[in-house]
$ cat input-v5.cif   # mmCIF, C-alpha atoms
data_my_file
#
loop_
_atom_site.label_atom_id
_atom_site.label_comp_id
_atom_site.auth_asym_id
_atom_site.auth_seq_id
_atom_site.Cartn_x
_atom_site.Cartn_y
_atom_site.Cartn_z
CA LEU A 1 76.19 27.35 18.97
CA ILE A 2 75.19 29.26 22.10
CA ARG A 3 76.81 32.45 20.85
CA HIS A 4 75.17 32.08 17.43
CA SER A 5 71.72 31.44 18.94
CA ALA A 6 72.02 34.55 21.10
CA ARG A 7 73.09 36.62 18.10
CA VAL A 8 70.21 35.56 15.84
CA GLY A 9 67.65 35.51 18.64
CA PHE A 10 66.40 31.95 18.95
CA SER A 11 66.20 29.83 22.05
CA LEU A 12 68.07 26.61 22.75
CA GLN A 13 65.56 25.68 25.43
CA GLU A 14 64.08 23.02 23.16
CA CYS A 15 67.44 21.51 22.23
CA LEU A 16 67.23 17.96 23.58
CA VAL A 17 70.09 15.48 23.81
CA GLY A 18 70.28 11.74 24.33
CA GLU A 19 72.99 10.31 26.54
CA GLU A 20 74.39 6.84 27.02
CA ASP A 21 76.96 6.13 29.73
CA GLY A 22 77.56 9.86 30.11
CA GLU A 23 78.17 10.33 26.36
CA ILE A 24 75.93 12.43 24.15
CA ILE A 25 74.89 10.21 21.23
CA ALA A 26 71.97 12.17 19.75
CA SER A 27 70.49 15.66 19.66
CA CYS A 28 67.43 17.41 18.33
CA LEU A 29 66.53 21.11 18.14
CA CYS A 30 63.07 22.64 17.70
CA VAL A 31 62.87 26.35 16.89
CA ASP A 32 59.40 27.83 17.36
CA ALA A 33 58.17 30.06 14.54
CA PRO A 34 55.12 32.26 13.94
CA GLY A 35 51.99 30.41 12.85
CA ARG A 36 52.24 27.82 15.67
CA THR A 37 54.97 26.04 13.74
CA GLY A 38 58.20 24.44 14.89
CA ASN A 39 61.28 23.95 12.70
CA VAL A 40 63.04 20.74 13.67
CA PHE A 41 66.71 19.87 13.14
CA ILE A 42 68.70 16.69 13.76
CA PRO A 43 72.33 15.87 12.91
CA SER A 44 72.78 14.69 9.33
CA SER A 45 76.04 12.76 9.83
CA VAL A 46 75.31 10.30 12.68
CA ARG A 47 75.23 6.70 11.53
CA LEU A 48 75.28 4.67 14.75
CA GLU A 49 72.21 2.46 15.16
CA ARG A 50 71.86 3.42 18.81
CA ALA A 51 71.96 7.10 17.84
CA GLU A 52 69.13 6.61 15.33
CA GLU A 53 66.97 5.00 18.02
CA ALA A 54 67.78 7.82 20.42
CA MET A 55 66.93 10.51 17.85
CA THR A 56 63.58 8.87 17.14
CA ASP A 57 62.86 9.05 20.87
CA LEU A 58 63.99 12.68 20.98
CA LEU A 59 61.70 13.61 18.08
CA THR A 60 58.80 12.04 19.95
CA ALA A 61 59.68 14.08 23.04
CA VAL A 62 60.03 17.26 20.96
CA ALA A 63 56.54 16.71 19.53
CA GLU A 64 55.04 16.33 22.99
CA HIS A 65 56.78 19.46 24.26
CA ALA A 66 55.64 21.39 21.14
CA ARG A 67 52.05 20.26 21.63
CA ARG A 68 52.12 21.56 25.19
CA ARG A 69 53.38 24.93 23.91
CA GLY A 70 50.41 25.16 21.54
CA LEU A 71 52.20 24.39 18.29
CA THR A 72 50.17 22.64 15.59
CA LEU A 73 52.80 21.74 12.98
CA LEU A 74 56.39 20.52 13.01
CA GLN A 75 58.46 20.64 9.84
CA ALA A 76 61.93 19.62 8.75
CA ILE A 77 63.85 20.47 5.57
CA ILE A 78 66.54 17.97 4.61
CA GLU A 79 68.91 17.14 1.76
CA THR A 80 67.27 15.11 -0.99
CA THR A 81 69.99 12.46 -0.63
CA SER A 82 69.72 12.12 3.15
CA GLU A 83 68.12 8.69 3.48
CA HIS A 84 69.42 8.59 7.05
CA GLU A 85 67.38 11.62 8.15
CA ALA A 86 64.35 10.55 6.10
CA THR A 87 64.29 7.19 7.87
CA ILE A 88 64.46 8.79 11.31
CA TYR A 89 61.70 11.30 10.58
CA SER A 90 59.50 8.55 9.15
CA GLN A 91 60.00 6.40 12.25
CA ALA A 92 59.06 9.39 14.41
CA GLY A 93 55.69 9.86 12.70
CA TYR A 94 56.60 12.48 10.10
CA GLU A 95 55.32 12.37 6.52
CA ARG A 96 57.16 13.51 3.42
CA LEU A 97 55.38 16.64 2.22
CA ALA A 98 57.15 17.61 -0.99
CA ARG A 99 60.39 18.07 -2.82
CA LEU A 100 60.95 21.81 -2.76
CA LEU A 101 62.79 23.47 -5.64
CA TYR A 102 64.51 26.79 -4.95
CA TYR A 103 64.51 29.16 -7.91
CA GLU A 104 66.37 32.40 -8.55
CA ARG A 105 66.18 35.13 -11.17
CA ASP A 106 68.40 38.06 -12.09
CA LEU A 107 66.09 41.05 -11.76
CA ARG A 108 68.05 42.88 -14.44
CA ALA A 109 67.16 40.32 -17.13
CA GLU A 110 64.48 41.05 -19.73
CA LEU A 111 60.86 40.23 -18.98
CA PRO A 112 58.60 38.42 -21.45
CA GLU A 113 55.92 40.59 -22.99
CA ILE A 114 52.34 39.90 -21.92
CA THR A 115 48.99 41.49 -22.59
CA ARG A 116 48.02 43.52 -19.57
CA PRO A 117 44.31 44.31 -19.11
CA GLU A 118 43.65 47.96 -18.40
CA ASP A 119 41.14 47.33 -15.61
CA VAL A 120 43.64 45.67 -13.26
CA SER A 121 44.01 47.32 -9.84
CA TRP A 122 46.04 46.47 -6.75
CA VAL A 123 45.06 46.42 -3.07
CA THR A 124 47.82 46.56 -0.44
CA TYR A 125 47.67 44.81 2.90
CA GLY A 126 46.60 46.57 6.07
CA ASP A 127 45.07 45.62 9.39
CA ASP A 128 41.68 46.74 8.06
CA ARG A 129 42.12 44.41 5.07
CA HIS A 130 43.36 41.36 6.96
CA GLU A 131 40.12 39.42 6.48
CA LEU A 132 40.12 40.17 2.76
CA PHE A 133 43.66 38.85 2.39
CA ALA A 134 42.80 35.82 4.51
CA GLN A 135 39.83 35.02 2.28
CA VAL A 136 41.78 35.44 -0.95
CA VAL A 137 44.84 33.47 0.19
CA ALA A 138 42.63 30.69 1.55
CA GLY A 139 40.73 30.65 -1.74
CA THR A 140 43.91 30.29 -3.78
CA TYR A 141 44.84 27.20 -1.75
CA GLU A 142 41.83 25.37 -3.17
CA GLY A 143 43.15 22.85 -5.68
CA SER A 144 46.70 24.15 -5.28
CA ARG A 145 49.51 21.80 -6.33
CA ASP A 146 52.00 23.31 -3.89
CA CYS A 147 52.31 21.11 -0.78
CA ALA A 148 48.78 19.89 -1.41
CA ARG A 149 48.92 17.46 1.52
CA LEU A 150 48.47 20.44 3.90
CA ASN A 151 45.51 22.00 2.08
CA GLY A 152 42.66 22.57 4.52
CA LEU A 153 44.62 21.31 7.52
CA ARG A 154 45.93 24.61 8.86
CA ASP A 155 44.27 27.78 10.12
CA ILE A 156 44.58 30.62 7.59
CA ASP A 157 45.82 33.04 10.26
CA ASP A 158 48.64 30.60 11.06
CA ILE A 159 49.50 30.47 7.36
CA LEU A 160 49.58 34.26 7.06
CA ALA A 161 51.66 34.55 10.24
CA GLY A 162 54.21 32.17 8.73
CA HIS A 163 54.32 34.14 5.48
CA ARG A 164 54.64 37.41 7.39
CA ALA A 165 57.67 36.08 9.28
CA THR A 166 59.62 35.52 6.06
CA GLY A 167 62.33 38.14 5.64
CA SER A 168 61.50 41.76 6.35
CA PHE A 169 57.73 42.31 6.29
CA ASP A 170 56.31 45.46 4.71
CA PRO A 171 52.52 45.65 4.12
CA LYS A 172 53.13 47.55 0.87
CA HIS A 173 54.67 44.37 -0.54
CA TRP A 174 51.54 42.26 -0.06
CA LEU A 175 49.11 42.82 -2.93
CA ILE A 176 45.75 41.51 -4.09
CA MET A 177 45.08 41.87 -7.81
CA LYS A 178 41.56 42.86 -8.77
CA VAL A 179 39.90 42.95 -12.17
CA GLY A 180 36.98 45.28 -11.91
CA ASP A 181 35.50 44.54 -8.50
CA ALA A 182 36.63 40.90 -8.40
CA ALA A 183 39.70 39.68 -6.55
CA VAL A 184 41.73 37.45 -8.89
CA GLY A 185 44.94 36.57 -7.10
CA VAL A 186 47.59 37.59 -4.60
CA ILE A 187 51.35 38.10 -4.31
CA LEU A 188 53.21 38.27 -1.00
CA LEU A 189 56.77 39.58 -1.25
CA ALA A 190 59.55 40.23 1.24
CA ASP A 191 63.06 41.61 1.43
CA ILE A 192 65.65 39.05 2.57
CA PRO A 193 68.42 41.35 3.87
CA GLU A 194 70.87 38.58 4.77
CA ARG A 195 70.82 37.36 1.15
CA SER A 196 70.38 40.78 -0.45
CA SER A 197 67.46 39.36 -2.41
CA TRP A 198 63.75 39.84 -2.95
CA ASP A 199 61.60 36.79 -2.20
CA LEU A 200 58.28 35.82 -3.73
CA VAL A 201 56.92 34.32 -0.53
CA TYR A 202 53.60 33.28 -2.06
CA MET A 203 51.63 33.73 -5.27
CA GLY A 204 48.20 32.31 -5.99
CA VAL A 205 45.24 32.68 -8.35
CA LEU A 206 41.65 31.95 -7.34
CA PRO A 207 40.24 28.81 -9.04
CA ALA A 208 37.67 30.69 -11.15
CA PHE A 209 40.43 32.70 -12.87
CA ARG A 210 43.04 29.99 -13.50
CA GLY A 211 44.23 29.18 -16.99
CA ALA A 212 43.58 32.69 -18.32
CA GLY A 213 47.08 34.17 -17.96
CA TRP A 214 46.53 36.02 -14.69
CA ALA A 215 49.51 34.32 -13.06
CA GLN A 216 51.71 35.99 -15.68
CA VAL A 217 50.34 39.39 -14.66
CA LEU A 218 51.00 38.66 -10.99
CA LEU A 219 54.54 37.42 -11.60
CA ARG A 220 55.40 40.35 -13.85
CA LYS A 221 54.18 42.74 -11.16
CA ALA A 222 56.35 40.96 -8.58
CA VAL A 223 59.48 41.25 -10.75
CA LEU A 224 58.82 44.92 -11.52
CA MET A 225 58.41 45.64 -7.80
CA GLY A 226 61.68 43.82 -7.15
CA ARG A 227 63.47 46.05 -9.61
CA GLN A 228 62.57 49.02 -7.43
CA ARG A 229 64.50 47.52 -4.51
CA ALA A 230 68.24 47.73 -3.90
CA THR A 231 68.64 44.08 -4.93
CA THR A 232 69.44 42.25 -8.15
CA ALA A 233 67.97 38.81 -7.39
CA MET A 234 64.51 37.37 -6.82
CA THR A 235 64.01 33.98 -5.19
CA LEU A 236 61.06 31.65 -4.70
CA THR A 237 60.27 28.07 -3.70
CA VAL A 238 57.98 25.71 -5.58
CA ASP A 239 56.77 22.13 -5.13
CA GLU A 240 58.44 19.90 -7.71
CA SER A 241 55.05 18.39 -8.58
CA ASN A 242 53.61 21.79 -9.55
CA ALA A 243 54.42 21.57 -13.26
CA PRO A 244 52.29 24.57 -14.40
CA ALA A 245 54.00 26.90 -11.91
CA ARG A 246 57.45 25.62 -12.89
CA ARG A 247 56.73 26.28 -16.57
CA LEU A 248 55.65 29.82 -15.71
CA TYR A 249 58.79 30.48 -13.67
CA HIS A 250 61.03 29.14 -16.45
CA GLN A 251 59.19 31.39 -18.93
CA PHE A 252 60.05 34.36 -16.71
CA GLY A 253 63.73 33.50 -16.50
CA PHE A 254 63.91 31.68 -13.16
CA SER A 255 66.36 28.80 -12.82
CA GLN A 256 66.72 26.18 -10.12
CA SER A 257 69.51 26.68 -7.59
CA LEU A 258 68.93 23.71 -5.26
CA ALA A 259 66.36 21.20 -3.99
CA ARG A 260 65.35 20.00 -0.53
CA ASP A 261 62.80 17.55 0.87
CA ALA A 262 60.17 18.81 3.30
CA TRP A 263 58.82 16.56 6.04
CA PHE A 264 56.03 17.42 8.47
CA ARG A 265 54.10 16.19 11.47
CA LEU A 266 50.70 17.57 12.45
CA LEU A 267 50.14 17.81 16.18
#
$ encode --input "input-v5.cif" --output "structure tokens"
Amino acid sequence: LIRHSARVGFSLQECLVGEEDGEIIASCLCVDAPGRTGNVFIPSSVRLERAEEAMTDLLTAVAEHARRRGLTLLQAIIETTSEHEATIYSQAGYERLARLLYYERDLRAELPEITRPEDVSWVTYGDDRHELFAQVVAGTYEGSRDCARLNGLRDIDDILAGHRATGSFDPKHWLIMKVGDAAVGVILLADIPERSSWDLVYMGVLPAFRGAGWAQVLLRKAVLMGRQRATTAMTLTVDESNAPARRLYHQFGFSQSLARDAWFRLL
């Protein structure tokens, strides 16, 4: 574990363990991430009652340490069948956020035909356009069905920092779609070198333009950009409760590869 952490560049400083009579019976790791977020991990196979109590105590300690470091959100991603972990996180003050579905698409597959308006233009990200992207992304969160429990609870700069940390960031892969002079929606994409894939980190349409087919234009643009990369797969993650988005992804040839449950604790 120490060798692996050194290789991938994360610290084990916030790896806490619980001992009883000189024996380690529980452990918990918090890995800080951009956007004042901590990713929390606990063992998934421990079943001893005393270990569960110890891990609940460790999670409480991890939250206090994270708060002192200035973090605002802790999150954990677990197997959908892991009642053991779910119970521990619940006892430690976490809430279940969503069931996340992980989708994948072969970029070589055919795309559905859509009507593309001629007055569509694209704006790429840059430091001088940060506020514009912040406004548009924040606007697309209004009424969003993806992890709706967090809507309005996090700073938009923290959200963008988290998105930026996904994969290999390139400002040319963050785009706002405009129709005439009006911003309509946004796509944030990233290379994931370790998986040799292209990830749709985030896609959103502003409320005033929903239901008019603009999400199809955004998704088609994302797939076409992916085809220009040296990859053959595109991935994305969607909240299971977001039925409209799931229908769109199925229409564009995405299929589910796995599912996980997301838990969170606001600090």
$ resolve_selection --input "input-v5.cif" --expression "the PyMOL selection byres ((chain A and resi 161-178) around 10)" --output "PDB file with C-alpha atoms, in the frame of the given file"
ATOM      1  CA  ALA A  33      58.170  30.060  14.540  1.00  0.00           C
ATOM      2  CA  PRO A  34      55.120  32.260  13.940  1.00  0.00           C
ATOM      3  CA  GLY A  35      51.990  30.410  12.850  1.00  0.00           C
ATOM      4  CA  ARG A  36      52.240  27.820  15.670  1.00  0.00           C
ATOM      5  CA  THR A  37      54.970  26.040  13.740  1.00  0.00           C
ATOM      6  CA  ASP A 119      41.140  47.330 -15.610  1.00  0.00           C
ATOM      7  CA  VAL A 120      43.640  45.670 -13.260  1.00  0.00           C
ATOM      8  CA  SER A 121      44.010  47.320  -9.840  1.00  0.00           C
ATOM      9  CA  TRP A 122      46.040  46.470  -6.750  1.00  0.00           C
ATOM     10  CA  VAL A 123      45.060  46.420  -3.070  1.00  0.00           C
ATOM     11  CA  THR A 124      47.820  46.560  -0.440  1.00  0.00           C
ATOM     12  CA  TYR A 125      47.670  44.810   2.900  1.00  0.00           C
ATOM     13  CA  GLY A 126      46.600  46.570   6.070  1.00  0.00           C
ATOM     14  CA  ASP A 127      45.070  45.620   9.390  1.00  0.00           C
ATOM     15  CA  LEU A 132      40.120  40.170   2.760  1.00  0.00           C
ATOM     16  CA  PHE A 133      43.660  38.850   2.390  1.00  0.00           C
ATOM     17  CA  VAL A 136      41.780  35.440  -0.950  1.00  0.00           C
ATOM     18  CA  VAL A 137      44.840  33.470   0.190  1.00  0.00           C
ATOM     19  CA  ILE A 156      44.580  30.620   7.590  1.00  0.00           C
ATOM     20  CA  ASP A 157      45.820  33.040  10.260  1.00  0.00           C
ATOM     21  CA  ASP A 158      48.640  30.600  11.060  1.00  0.00           C
ATOM     22  CA  ILE A 159      49.500  30.470   7.360  1.00  0.00           C
ATOM     23  CA  LEU A 160      49.580  34.260   7.060  1.00  0.00           C
ATOM     24  CA  VAL A 179      39.900  42.950 -12.170  1.00  0.00           C
ATOM     25  CA  GLY A 180      36.980  45.280 -11.910  1.00  0.00           C
ATOM     26  CA  ASP A 181      35.500  44.540  -8.500  1.00  0.00           C
ATOM     27  CA  ALA A 182      36.630  40.900  -8.400  1.00  0.00           C
ATOM     28  CA  ALA A 183      39.700  39.680  -6.550  1.00  0.00           C
ATOM     29  CA  VAL A 184      41.730  37.450  -8.890  1.00  0.00           C
ATOM     30  CA  GLY A 185      44.940  36.570  -7.100  1.00  0.00           C
ATOM     31  CA  VAL A 186      47.590  37.590  -4.600  1.00  0.00           C
ATOM     32  CA  ILE A 187      51.350  38.100  -4.310  1.00  0.00           C
ATOM     33  CA  LEU A 188      53.210  38.270  -1.000  1.00  0.00           C
ATOM     34  CA  LEU A 189      56.770  39.580  -1.250  1.00  0.00           C
ATOM     35  CA  ALA A 190      59.550  40.230   1.240  1.00  0.00           C
ATOM     36  CA  ASP A 191      63.060  41.610   1.430  1.00  0.00           C
ATOM     37  CA  ILE A 192      65.650  39.050   2.570  1.00  0.00           C
ATOM     38  CA  PRO A 193      68.420  41.350   3.870  1.00  0.00           C
ATOM     39  CA  GLU A 194      70.870  38.580   4.770  1.00  0.00           C
ATOM     40  CA  ARG A 195      70.820  37.360   1.150  1.00  0.00           C
ATOM     41  CA  SER A 197      67.460  39.360  -2.410  1.00  0.00           C
ATOM     42  CA  TRP A 198      63.750  39.840  -2.950  1.00  0.00           C
ATOM     43  CA  ASP A 199      61.600  36.790  -2.200  1.00  0.00           C
ATOM     44  CA  LEU A 200      58.280  35.820  -3.730  1.00  0.00           C
ATOM     45  CA  VAL A 201      56.920  34.320  -0.530  1.00  0.00           C
ATOM     46  CA  TYR A 202      53.600  33.280  -2.060  1.00  0.00           C
ATOM     47  CA  MET A 203      51.630  33.730  -5.270  1.00  0.00           C
ATOM     48  CA  GLY A 204      48.200  32.310  -5.990  1.00  0.00           C
ATOM     49  CA  VAL A 205      45.240  32.680  -8.350  1.00  0.00           C
ATOM     50  CA  TRP A 214      46.530  36.020 -14.690  1.00  0.00           C
ATOM     51  CA  VAL A 217      50.340  39.390 -14.660  1.00  0.00           C
ATOM     52  CA  LEU A 218      51.000  38.660 -10.990  1.00  0.00           C
ATOM     53  CA  LYS A 221      54.180  42.740 -11.160  1.00  0.00           C
ATOM     54  CA  ALA A 222      56.350  40.960  -8.580  1.00  0.00           C
ATOM     55  CA  MET A 225      58.410  45.640  -7.800  1.00  0.00           C
ATOM     56  CA  GLY A 226      61.680  43.820  -7.150  1.00  0.00           C
TER      57      GLY A 226
END
$ closest_residue --input "input-v5.cif" --among "A:Ala92, A:Ala208, A:Val223, A:Ala51" --to "Gly253 in chain A" --atoms "all atoms listed in the file"
A:Val223
$ closest_residue --input "input-v5.cif" --among "A:Leu71, A:Val62, A:Leu150, A:Cys15" --to "Glu95 in chain A" --atoms "only C-alpha atoms"
A:Leu150
$ resolve_selection --input "input-v5.cif" --expression "the PyMOL selection byres ((chain A and resi 20-22) around 12)" --output "JSON, numbers by chain"
{"A": [17, 18, 19, 23, 24, 25, 26, 50, 51, 53, 54]}
$ atom_distance --input "input-v5.cif" --atom1 "CA of Arg229 in chain A" --atom2 "CA of Ser196 in chain A"
9.8 Å
$ atom_distance --input "input-v5.cif" --atom1 "CA of Asp261 in chain A" --atom2 "CA of Pro244 in chain A"
19.8 Å
$ atom_distance --input "input-v5.cif" --atom1 "CA of Leu74 in chain A" --atom2 "CA of Tyr89 in chain A"
10.9 Å
$ resolve_selection --input "input-v5.cif" --expression "the PyMOL selection byres ((chain A and resi 267) around 9)" --output "list in words"
Ala63, Glu64, Ala66, Arg67, Leu71, Thr72, Leu73, Leu74, Arg265 and Leu266 of chain A
$ write_last_selection --input "input-v5.cif" --atoms "C-alpha atoms" --output "compact mmCIF listing (two decimals), in the frame of the given file"
# COMPACT_ATOMS: atom_id res chain seq x y z
CA ALA A 63 56.54 16.71 19.53
CA GLU A 64 55.04 16.33 22.99
CA ALA A 66 55.64 21.39 21.14
CA ARG A 67 52.05 20.26 21.63
CA LEU A 71 52.20 24.39 18.29
CA THR A 72 50.17 22.64 15.59
CA LEU A 73 52.80 21.74 12.98
CA LEU A 74 56.39 20.52 13.01
CA ARG A 265 54.10 16.19 11.47
CA LEU A 266 50.70 17.57 12.45
$ closest_residue --input "input-v5.cif" --among "A:Leu107, A:Leu153, A:Cys147, A:Leu97" --to "Gln75 in chain A" --atoms "all atoms listed in the file"
A:Leu97
$ closest_residue --input "input-v5.cif" --among "A:Thr231, A:Ser241, A:Gln216, A:Thr87" --to "Leu111 in chain A" --atoms "all atoms listed in the file"
A:Gln216
$ axis_aligned_box --input "input-v5.cif" --around "range 257-267 of chain A" --padding-each-side "8 Å" --output "JSON"
{"center_x": 59.8, "center_y": 21.4, "center_z": 4.3, "size_x": 35.4, "size_y": 26.5, "size_z": 39.8}
$ closest_residue --input "input-v5.cif" --among "A:Ile114, A:Val40, A:Ala76, A:Leu100" --to "Ala212 in chain A" --atoms "all atoms listed in the file"
A:Ile114
